[in-house]
file work-v5.csv (CSV, C-alpha atoms)
chain,number,residue,atom,x,y,z
A,1,MET,CA,-13.6,2.9,-0.7
A,2,GLY,CA,-14.0,1.6,2.9
A,3,LYS,CA,-17.6,2.8,3.0
A,4,THR,CA,-19.7,0.9,0.5
A,5,ILE,CA,-23.2,-0.2,0.0
A,6,PRO,CA,-23.1,-3.9,-0.7
A,7,PRO,CA,-22.6,-5.7,-2.9
A,8,ALA,CA,-18.9,-4.7,-3.2
A,9,ILE,CA,-17.5,-6.1,-6.5
A,10,SER,CA,-13.8,-6.5,-6.9
A,11,VAL,CA,-12.1,-7.5,-10.2
A,12,LEU,CA,-8.3,-8.0,-10.5
A,13,LEU,CA,-6.9,-8.4,-13.9
A,14,PRO,CA,-3.2,-9.2,-14.6
A,15,GLY,CA,-1.3,-7.4,-17.3
A,16,LEU,CA,-2.3,-9.6,-20.3
A,17,ALA,CA,-3.5,-8.8,-23.8
A,18,SER,CA,-6.8,-10.6,-23.3
A,19,ASN,CA,-8.1,-8.4,-20.5
A,20,SER,CA,-11.1,-7.3,-22.5
A,21,CYS,CA,-12.2,-11.0,-22.8
A,22,ARG,CA,-11.4,-11.7,-19.2
A,23,LEU,CA,-13.4,-8.7,-18.0
A,24,ARG,CA,-16.5,-9.9,-19.9
A,25,GLN,CA,-16.0,-13.3,-18.2
A,26,ALA,CA,-15.8,-11.6,-14.9
A,27,VAL,CA,-19.1,-9.8,-15.6
A,28,ASP,CA,-20.7,-13.2,-16.4
A,29,GLU,CA,-19.5,-14.5,-13.0
A,30,ILE,CA,-20.9,-11.4,-11.3
A,31,PHE,CA,-24.3,-12.0,-13.0
A,32,ARG,CA,-24.3,-15.6,-11.8
A,33,VAL,CA,-23.5,-14.7,-8.2
A,34,LEU,CA,-26.0,-11.8,-7.8
A,35,ILE,CA,-28.9,-13.6,-9.6
A,36,GLY,CA,-28.2,-16.5,-7.3
A,37,ARG,CA,-28.7,-14.1,-4.4
A,38,GLY,CA,-32.1,-13.0,-5.7
A,39,TRP,CA,-31.2,-9.9,-7.8
A,40,ALA,CA,-33.3,-9.3,-10.9
A,41,HIS,CA,-31.5,-9.4,-14.2
A,42,HIS,CA,-32.1,-5.7,-15.0
A,43,GLU,CA,-30.7,-4.7,-11.6
A,44,VAL,CA,-27.5,-6.6,-12.2
A,45,ALA,CA,-27.2,-5.1,-15.7
A,46,HIS,CA,-27.6,-1.6,-14.4
A,47,LEU,CA,-25.0,-2.2,-11.6
A,48,VAL,CA,-22.3,-3.7,-13.9
A,49,ALA,CA,-22.8,-1.2,-16.8
A,50,PRO,CA,-19.4,0.5,-16.1
A,51,LEU,CA,-17.6,-2.8,-16.4
A,52,LEU,CA,-19.4,-3.6,-19.7
A,53,THR,CA,-18.4,-0.2,-21.0
A,54,LEU,CA,-14.8,-0.7,-20.0
A,55,SER,CA,-14.7,-4.2,-21.6
A,56,SER,CA,-15.4,-2.5,-24.9
A,57,ASP,CA,-12.5,-0.1,-24.6
A,58,PRO,CA,-9.8,-0.8,-27.3
A,59,GLY,CA,-7.1,0.0,-24.8
A,60,LEU,CA,-7.9,-3.2,-22.9
A,61,CYS,CA,-7.2,-5.3,-25.9
A,62,GLU,CA,-3.6,-4.0,-26.2
A,63,GLY,CA,-0.7,-5.6,-24.2
A,64,ARG,CA,-0.4,-3.8,-20.9
A,65,LYS,CA,2.7,-3.6,-18.6
A,66,CYS,CA,0.5,-3.3,-15.6
A,67,GLY,CA,-2.5,-5.0,-14.1
A,68,MET,CA,-5.9,-3.5,-13.3
A,69,ALA,CA,-7.9,-3.4,-10.1
A,70,LEU,CA,-11.6,-2.6,-10.6
A,71,TYR,CA,-13.9,-1.8,-7.7
A,72,LEU,CA,-17.6,-1.3,-8.2
A,73,SER,CA,-20.6,-0.8,-5.8
A,74,ARG,CA,-23.7,1.4,-5.7
A,75,CYS,CA,-21.5,4.1,-4.2
A,76,GLY,CA,-19.2,4.4,-7.3
A,77,PHE,CA,-16.6,2.8,-9.6
A,78,HIS,CA,-12.9,2.9,-9.0
A,79,CYS,CA,-10.2,1.8,-11.5
A,80,PHE,CA,-6.5,1.5,-10.6
A,81,GLU,CA,-3.3,0.4,-12.3
A,82,VAL,CA,-1.5,-2.3,-10.2
A,83,PRO,CA,1.4,-4.7,-10.6
A,84,ALA,CA,1.1,-7.0,-13.7
A,85,ASP,CA,1.3,-10.2,-11.7
A,86,VAL,CA,-1.9,-9.7,-9.6
A,87,PRO,CA,-3.9,-12.9,-9.5
A,88,GLU,CA,-7.0,-12.9,-11.7
A,89,THR,CA,-9.8,-12.5,-9.1
A,90,VAL,CA,-13.5,-11.9,-9.0
A,91,VAL,CA,-15.1,-11.3,-5.6
A,92,VAL,CA,-18.6,-10.2,-4.7
A,93,SER,CA,-19.0,-9.5,-1.0
A,94,THR,CA,-19.7,-6.7,1.6
A,95,HIS,CA,-16.2,-5.2,1.3
A,96,PHE,CA,-13.8,-4.6,-1.5
A,97,TYR,CA,-11.1,-7.3,-1.8
A,98,ILE,CA,-7.7,-5.7,-1.4
A,99,LYS,CA,-5.7,-8.4,0.2
A,100,PRO,CA,-3.7,-9.5,-2.9
A,101,LEU,CA,-2.6,-5.9,-3.2
A,102,LEU,CA,-1.4,-5.5,0.4
A,103,GLU,CA,2.2,-6.5,-0.2
A,104,TRP,CA,2.3,-3.9,-3.0
A,105,LEU,CA,0.4,-1.2,-1.0
A,106,THR,CA,2.7,-1.5,2.0
A,107,ALA,CA,6.0,-1.8,0.0
A,108,PRO,CA,8.5,1.0,0.6
A,109,ARG,CA,7.9,3.8,-2.0
A,110,ASP,CA,10.2,6.6,-0.9
A,111,PHE,CA,13.8,6.1,0.4
A,112,LEU,CA,17.4,7.1,-0.3
A,113,ILE,CA,20.5,5.1,-1.4
A,114,LEU,CA,24.0,6.4,-0.6
A,115,GLU,CA,26.6,4.8,-2.9
A,116,LEU,CA,30.1,4.7,-1.5
A,117,SER,CA,33.3,3.9,-3.3
A,118,LEU,CA,36.9,5.0,-3.6
A,119,ALA,CA,35.9,7.2,-6.5
A,120,GLY,CA,33.5,9.1,-4.3
A,121,ALA,CA,29.9,9.2,-3.0
A,122,GLY,CA,26.6,9.5,-4.8
A,123,LEU,CA,23.1,9.9,-3.4
A,124,LYS,CA,20.0,8.6,-5.2
A,125,ARG,CA,16.3,8.8,-4.3
A,126,VAL,CA,13.6,6.2,-5.0
A,127,SER,CA,10.2,7.7,-5.2
A,128,ASN,CA,7.2,5.7,-6.5
A,129,GLY,CA,9.4,3.2,-8.3
A,130,MET,CA,11.6,5.9,-10.0
A,131,LEU,CA,15.3,6.1,-9.3
A,132,THR,CA,16.8,9.6,-9.6
A,133,GLU,CA,20.2,11.2,-8.8
A,134,VAL,CA,20.2,13.7,-6.0
A,135,ALA,CA,22.6,16.7,-6.1
A,136,LEU,CA,25.0,16.5,-3.1
A,137,PRO,CA,25.2,19.4,-0.7
A,138,ARG,CA,28.4,21.4,-1.4
A,139,ALA,CA,29.8,20.4,2.0
A,140,VAL,CA,30.1,16.8,0.8
A,141,PRO,CA,33.5,15.8,-0.7
A,142,THR,CA,33.1,14.2,-4.1
A,143,SER,CA,36.1,11.8,-3.7
A,144,LEU,CA,39.1,10.7,-1.6
A,145,GLU,CA,41.4,12.7,-4.0
A,146,GLU,CA,39.5,15.8,-3.1
A,147,ILE,CA,40.5,15.5,0.6
A,148,ALA,CA,43.9,14.0,0.0
A,149,SER,CA,45.6,17.4,-0.3
A,150,SER,CA,44.8,20.8,1.1
A,151,ASP,CA,45.9,22.2,-2.3
A,152,ALA,CA,43.2,20.3,-4.1
A,153,PRO,CA,40.9,22.6,-6.1
A,154,ALA,CA,37.6,23.3,-4.4
A,155,ARG,CA,34.5,21.8,-6.0
A,156,PRO,CA,32.0,24.4,-7.3
A,157,PRO,CA,28.8,24.6,-5.4
A,158,THR,CA,25.7,22.7,-6.6
A,159,ARG,CA,22.1,23.8,-6.4
A,160,LEU,CA,19.7,21.8,-4.4
A,161,ALA,CA,16.0,21.7,-5.6
A,162,GLY,CA,14.0,24.0,-3.4
A,163,LYS,CA,17.0,25.3,-1.4
A,164,GLY,CA,17.7,28.4,-3.4
A,165,SER,CA,21.1,29.6,-4.6
A,166,PRO,CA,24.0,28.4,-2.4
A,167,PRO,CA,26.8,30.8,-1.3
A,168,SER,CA,29.3,31.6,-4.0
A,169,ASN,CA,32.3,30.4,-1.9
A,170,ALA,CA,33.4,26.8,-2.4
A,171,ILE,CA,34.8,24.4,0.3
A,172,SER,CA,38.2,22.9,0.3
A,173,PHE,CA,39.1,19.7,2.1
A,174,GLY,CA,42.6,18.6,3.1
A,175,ILE,CA,44.3,15.8,5.0
A,176,SER,CA,47.8,15.3,3.9
A,177,SER,CA,50.3,12.5,4.8
A,178,ALA,CA,47.6,10.1,5.8
A,179,SER,CA,47.2,6.4,5.2
A,180,GLU,CA,44.3,5.2,2.9
A,181,GLU,CA,42.5,3.9,6.0
A,182,ARG,CA,42.6,7.2,7.6
A,183,ARG,CA,41.6,9.0,4.4
A,184,ILE,CA,38.6,6.7,4.1
A,185,ARG,CA,37.6,7.4,7.7
A,186,PHE,CA,38.0,11.1,7.2
A,187,PHE,CA,36.1,11.0,3.9
A,188,CYS,CA,33.2,9.1,5.5
A,189,ALA,CA,33.1,11.5,8.4
A,190,MET,CA,32.9,14.5,6.0
A,191,VAL,CA,30.2,12.8,3.9
A,192,ASP,CA,28.1,12.1,7.0
A,193,ARG,CA,28.6,15.7,8.3
A,194,GLY,CA,27.7,17.2,5.0
A,195,LEU,CA,24.6,15.1,4.5
A,196,HIS,CA,23.3,15.2,8.1
A,197,SER,CA,21.0,18.2,7.9
A,198,TYR,CA,19.7,17.3,4.4
A,199,LEU,CA,18.9,13.7,5.5
A,200,GLN,CA,17.3,14.9,8.8
A,201,ASP,CA,15.0,17.3,6.9
A,202,LEU,CA,13.8,14.4,4.6
A,203,GLY,CA,13.5,11.8,7.3
A,204,LEU,CA,13.6,9.0,4.8
A,205,PRO,CA,15.1,5.5,5.2
A,206,LEU,CA,18.7,5.4,3.9
A,207,VAL,CA,20.3,2.3,2.3
A,208,LEU,CA,24.1,2.2,2.2
A,209,ALA,CA,25.6,0.6,-0.9
A,210,GLY,CA,29.1,-0.2,-1.9
A,211,PRO,CA,32.2,-2.3,-1.1
A,212,ALA,CA,32.2,-3.8,2.4
A,213,HIS,CA,35.3,-1.8,3.5
A,214,MET,CA,33.7,1.5,2.5
A,215,VAL,CA,30.3,0.7,4.0
A,216,ASN,CA,31.8,-0.5,7.3
A,217,ALA,CA,33.9,2.6,7.5
A,218,TYR,CA,30.9,4.8,6.9
A,219,ARG,CA,28.8,3.0,9.4
A,220,LYS,CA,31.3,3.9,12.1
A,221,GLN,CA,31.0,7.6,11.3
A,222,ASN,CA,27.2,7.6,10.5
A,223,THR,CA,24.9,9.7,12.7
A,224,TYR,CA,21.7,9.4,10.7
A,225,PRO,CA,19.2,7.3,12.7
A,226,ALA,CA,17.0,6.1,9.8
A,227,THR,CA,19.9,4.2,8.2
A,228,ILE,CA,18.9,0.6,7.2
A,229,ILE,CA,20.9,-1.8,9.2
A,230,THR,CA,21.7,-4.3,6.4
A,231,PRO,CA,23.7,-2.7,3.6
A,232,LEU,CA,23.7,-3.4,-0.1
A,233,LEU,CA,27.2,-4.8,-0.7
A,234,GLY,CA,28.9,-4.9,-4.0
A,235,ASN,CA,29.6,-2.6,-6.9
A,236,ALA,CA,26.4,-0.8,-7.7
A,237,GLU,CA,27.5,0.2,-11.2
A,238,SER,CA,27.9,-3.4,-12.2
A,239,MET,CA,24.3,-4.3,-11.3
A,240,PRO,CA,21.4,-3.9,-13.8
A,241,PRO,CA,19.3,-0.9,-12.6
A,242,GLY,CA,16.3,-3.1,-12.0
A,243,GLU,CA,18.2,-5.6,-9.8
A,244,PHE,CA,19.9,-2.7,-7.9
A,245,LEU,CA,16.5,-1.2,-7.2
A,246,ASP,CA,14.8,-4.5,-6.2
A,247,ARG,CA,17.6,-5.4,-3.8
A,248,ALA,CA,17.5,-2.0,-2.1
A,249,ARG,CA,13.7,-2.1,-1.8
A,250,ALA,CA,13.9,-5.6,-0.3
A,251,LEU,CA,16.3,-4.3,2.4
A,252,VAL,CA,14.0,-1.4,3.3
A,253,ARG,CA,11.0,-3.8,3.3
A,254,ASP,CA,12.8,-6.3,5.6
A,255,GLU,CA,13.8,-3.6,8.0
A,256,LYS,CA,10.2,-2.4,8.1
A,257,VAL,CA,9.1,-6.0,8.9
A,258,GLN,CA,11.7,-6.3,11.7
A,259,GLN,CA,10.5,-2.9,13.2
A,260,ALA,CA,6.9,-4.2,13.1
A,261,VAL,CA,8.0,-7.4,14.9
A,262,ARG,CA,9.7,-5.3,17.6
A,263,HIS,CA,6.7,-3.1,18.0
A,264,LEU,CA,4.5,-6.2,18.4
A,265,ALA,CA,6.8,-7.5,21.1
A,266,GLY,CA,6.7,-4.1,22.9
A,267,MET,CA,2.9,-4.1,22.6
A,268,GLU,CA,2.6,-7.5,24.3
A,269,GLU,CA,5.0,-6.5,27.1
A,270,TYR,CA,3.9,-2.9,27.8
A,271,ALA,CA,0.4,-2.2,26.4
A,272,PRO,CA,-2.5,-2.6,28.8
A,273,GLY,CA,-4.4,-5.8,28.2
A,274,ASP,CA,-7.6,-4.0,27.1
A,275,ARG,CA,-5.7,-2.0,24.5
A,276,TRP,CA,-4.6,-4.9,22.3
A,277,SER,CA,-5.8,-8.3,21.1
A,278,THR,CA,-4.9,-11.3,18.9
A,279,THR,CA,-8.5,-12.6,18.9
A,280,LEU,CA,-10.1,-12.4,15.4
A,281,GLY,CA,-13.5,-11.3,16.7
A,282,SER,CA,-12.1,-8.6,18.9
A,283,VAL,CA,-9.9,-7.1,16.2
A,284,LEU,CA,-12.7,-7.3,13.6
A,285,ARG,CA,-15.1,-5.4,15.9
A,286,ALA,CA,-12.4,-2.8,16.8
A,287,ALA,CA,-11.5,-2.3,13.1
A,288,ALA,CA,-15.2,-1.8,12.2
A,289,GLU,CA,-15.5,0.8,15.0
A,290,GLY,CA,-12.3,2.6,13.9
A,291,ARG,CA,-10.4,1.7,17.0
A,292,VAL,CA,-7.4,-0.1,15.4
A,293,SER,CA,-4.3,2.1,15.6
A,294,ARG,CA,-1.7,-0.5,14.4
A,295,LEU,CA,-2.6,-3.7,12.7
A,296,PHE,CA,-0.3,-6.7,12.4
A,297,LEU,CA,-1.5,-9.2,9.7
A,298,ALA,CA,0.0,-12.6,8.9
A,299,SER,CA,1.4,-12.7,5.3
A,300,GLY,CA,-0.6,-15.1,3.3
A,301,GLY,CA,-3.2,-15.8,6.0
A,302,ALA,CA,-6.9,-16.2,5.4
A,303,CYS,CA,-10.0,-16.7,7.5
A,304,GLN,CA,-13.4,-17.1,5.8
A,305,GLY,CA,-16.6,-16.1,7.6
A,306,ASP,CA,-19.6,-13.8,7.6
A,307,PHE,CA,-18.8,-10.3,8.6
A,308,HIS,CA,-22.2,-9.5,10.2
A,309,GLU,CA,-22.4,-12.9,11.9
A,310,ALA,CA,-18.9,-12.4,13.3
A,311,LEU,CA,-20.0,-9.1,14.9
A,312,GLY,CA,-23.2,-10.7,16.2
A,313,ASP,CA,-25.3,-8.4,13.9
A,314,SER,CA,-28.6,-10.1,13.0
A,315,THR,CA,-29.8,-7.1,11.0
A,316,GLY,CA,-27.2,-7.7,8.2
A,317,PRO,CA,-28.1,-8.7,4.7
A,318,PHE,CA,-28.1,-12.3,3.5
A,319,PRO,CA,-25.1,-14.3,4.7
A,320,VAL,CA,-21.9,-13.7,2.7
A,321,GLU,CA,-18.7,-15.7,3.2
A,322,GLU,CA,-15.7,-13.5,2.8
A,323,ASP,CA,-12.1,-13.3,4.0
A,324,LEU,CA,-12.3,-11.6,7.4
A,325,LEU,CA,-8.6,-10.7,7.3
A,326,ASN,CA,-9.3,-8.6,4.2
A,327,VAL,CA,-12.2,-6.9,6.0
A,328,ILE,CA,-10.0,-6.1,9.0
A,329,ALA,CA,-7.3,-4.7,6.6
A,330,ILE,CA,-9.6,-2.4,4.6
A,331,GLU,CA,-11.5,-1.2,7.7
A,332,THR,CA,-8.2,-0.3,9.4
A,333,LEU,CA,-6.8,1.5,6.4
A,334,ALA,CA,-10.0,3.3,5.6
A,335,GLN,CA,-10.0,4.8,9.1
A,336,GLY,CA,-6.4,5.9,9.3
A,337,GLY,CA,-4.8,2.9,11.0
A,338,GLU,CA,-1.3,1.5,10.2
A,339,LEU,CA,-1.0,-1.9,8.6
A,340,ASN,CA,2.0,-4.2,8.9
A,341,LEU,CA,2.4,-7.5,7.1
A,342,ILE,CA,4.6,-9.9,9.1
A,343,PRO,CA,5.4,-13.6,8.9
A,344,SER,CA,2.8,-15.7,10.6
A,345,ASP,CA,5.4,-17.4,12.9
A,346,GLN,CA,6.1,-13.9,14.4
A,347,LEU,CA,2.6,-13.4,15.6
A,348,PRO,CA,1.8,-14.6,19.2
A,349,ALA,CA,0.4,-18.1,19.7
A,350,ARG,CA,0.2,-18.6,15.9
A,351,ALA,CA,-2.6,-16.1,15.6
A,352,GLN,CA,-3.3,-14.6,12.2
A,353,VAL,CA,-3.9,-11.1,13.4
A,354,ALA,CA,-2.9,-8.7,16.2
A,355,ALA,CA,-3.9,-5.1,16.8
A,356,LEU,CA,-3.1,-2.2,19.1
A,357,PHE,CA,-6.3,-0.2,19.8
A,358,ARG,CA,-6.6,3.6,20.1
A,359,TYR,CA,-8.8,3.1,23.1
A,360,SER,CA,-10.5,0.2,24.8
A,361,GLN,CA,-14.0,-1.2,24.4
A,362,ASP,CA,-14.7,-0.1,27.9
A,363,SER,CA,-14.2,3.5,26.8
A,364,VAL,CA,-16.8,3.1,24.1
A,365,GLU,CA,-19.3,1.6,26.5
A,366,GLU,CA,-18.8,4.5,29.0

call {"tool": "encode", "arguments": {"input": "work-v5.csv", "output": "C-alpha cells"}}
result
Amino acid sequence: MGKTIPPAISVLLPGLASNSCRLRQAVDEIFRVLIGRGWAHHEVAHLVAPLLTLSSDPGLCEGRKCGMALYLSRCGFHCFEVPADVPETVVVSTHFYIKPLLEWLTAPRDFLILELSLAGAGLKRVSNGMLTEVALPRAVPTSLEEIASSDAPARPPTRLAGKGSPPSNAISFGISSASEERRIRFFCAMVDRGLHSYLQDLGLPLVLAGPAHMVNAYRKQNTYPATIITPLLGNAESMPPGEFLDRARALVRDEKVQQAVRHLAGMEEYAPGDRWSTTLGSVLRAAAEGRVSRLFLASGGACQGDFHEALGDSTGPFPVEEDLLNVIAIETLAQGGELNLIPSDQLPARAQVAALFRYSQDSVEE
C-alpha cells in the first residue's frame, strides 16, 4: 500500500447501518475532487468502479460492529475491517490516509496477564483482541494450600500446546509451619520459577493482576524482564471481561509509550547528529528514501503541505495538499520502520516528529 500511483483514494466508514448510502456520498465527493483536477468523467467512473460495486452490496446495509477502511488507486483496491468508531473520512491525495488508524495499528495485540490471588495463579493470553486461558506448566503451584503441607496431593500434569506430553510424574510442594506472609513469598517464588522458561520462550509483555499484597509479593520474586511496571490492582473476577481487557491493554500501551520516550531521550543524547532529526523536511525526505529506522510521531498532530514541494521535486503532479505526518508514517511503515505515537509535549522543542535514521544523508550522497 505504500507504493501507489496517484491519486490515492482513502475512505473510512464507521460501523453504521447506513454505510451503503455513505459510500455513495463518498464516491460523489471523489468525482467532485478529481473532475476539479482535470480528470474526464469516464476516467473517474472507471477508477471508482470497485467502490460503486461495493456500495450495492447488501451486507453494507446491515448493522456492522466494525468500521471499514477502503483504499483505492490505479495499483489496486484494499478493504479492511477497522474499529467502529473511525471518523468518517474521504481523502484524495498522493498517499493513502492511515493516520486515524495509527492508534489502533500500534495498539498492543499480543501480551500475557498473570492473575494472582490467595486461591492461586492463572495465566491468560491476549492475542488480536481475544482473551484465552493458558495451561500452567506443571511446575507452577495452583494455590497456597498446595504448598502449605508436604503431604498435599500432587497436582496432575497439564499438557501445554505444542510442548508434547509432559512426564508422568507429578510435583509436590511443601512448606510447613510457616506464616501466611512466608507462604505467599514462597508461593510467588515457585510461580516465578515455574513460569520463567515458558515466559522467556514467548518474550511477550506480562501484566500482573490481583490484590496489592499479592502483586507486591510477586514483584519481589519476579525475574521476567518484560513485566509491565504498573500492575492491574483489584479482583479480576469482579471486573467485566471487557473492562478487564481494556485496562490491561492500556497498561501495556502506556508502558510502550514510556519506553519510546526513553528511546527518544537516548537518541538525543547518544546518536550522532547526522543520524536523527526533528525537522519535518529532513524526516520526510528520509522516510521517502527508506532511511527511517524508528519514528516518533506526536499523537493528534497534523501538518498540511505538498509532498513533492516539500521534497523540492518540481517534476511531481499538480499540487496536492495533504497531511505530511501521514505521509511520513505510511512511508516509514511501508519500508519496515518502527512507529511510536507519543504525546506532543514529550518531543524535543515542541516538534511534531522525530526520527532515528538507518544511515545518514552523507552516506547516500557518497

call {"tool": "closest_residue", "arguments": {"input": "work-v5.csv", "among": "A:Leu232, A:Met1, A:Pro225, A:Asp192", "to": "Thr332 (chain A)", "atoms": "only C-alpha atoms"}}
result
A:Met1

call {"tool": "closest_residue", "arguments": {"input": "work-v5.csv", "among": "A:Ile113, A:Ala135, A:Leu13, A:Leu295", "to": "Met267 (chain A)", "atoms": "all atoms listed in the file"}}
result
A:Leu295

call {"tool": "closest_residue", "arguments": {"input": "work-v5.csv", "among": "A:Leu112, A:Val191, A:Val353, A:Leu339", "to": "Thr142 (chain A)", "atoms": "all atoms listed in the file"}}
result
A:Val191

call {"tool": "atom_distance", "arguments": {"input": "work-v5.csv", "atom1": "CA of Ala286 (chain A)", "atom2": "CA of Ile330 (chain A)"}}
result
12.5 Å

call {"tool": "residues_around", "arguments": {"input": "work-v5.csv", "residues": "Glu103 (chain A)", "least_positions_apart": "2", "cutoff": "12 Å", "atoms": "only C-alpha atoms", "output": "compact mmCIF listing (two decimals) with C-alpha atoms, in the coordinates of the input"}}
result
# COMPACT_ATOMS: atom_id res chain seq x y z
CA VAL A 82 -1.50 -2.30 -10.20
CA PRO A 83 1.40 -4.70 -10.60
CA VAL A 86 -1.90 -9.70 -9.60
CA ILE A 98 -7.70 -5.70 -1.40
CA LYS A 99 -5.70 -8.40 0.20
CA PRO A 100 -3.70 -9.50 -2.90
CA LEU A 101 -2.60 -5.90 -3.20
CA LEU A 105 0.40 -1.20 -1.00
CA THR A 106 2.70 -1.50 2.00
CA ALA A 107 6.00 -1.80 0.00
CA PRO A 108 8.50 1.00 0.60
CA ARG A 109 7.90 3.80 -2.00
CA ALA A 250 13.90 -5.60 -0.30
CA ARG A 253 11.00 -3.80 3.30
CA VAL A 257 9.10 -6.00 8.90
CA LEU A 297 -1.50 -9.20 9.70
CA ALA A 298 0.00 -12.60 8.90
CA SER A 299 1.40 -12.70 5.30
CA GLY A 300 -0.60 -15.10 3.30
CA ALA A 329 -7.30 -4.70 6.60
CA LEU A 339 -1.00 -1.90 8.60
CA ASN A 340 2.00 -4.20 8.90
CA LEU A 341 2.40 -7.50 7.10
CA ILE A 342 4.60 -9.90 9.10
CA PRO A 343 5.40 -13.60 8.90

call {"tool": "closest_residue", "arguments": {"input": "work-v5.csv", "among": "A:Thr4, A:Asp110, A:Tyr218, A:Leu51", "to": "Arg22 (chain A)", "atoms": "only C-alpha atoms"}}
result
A:Leu51
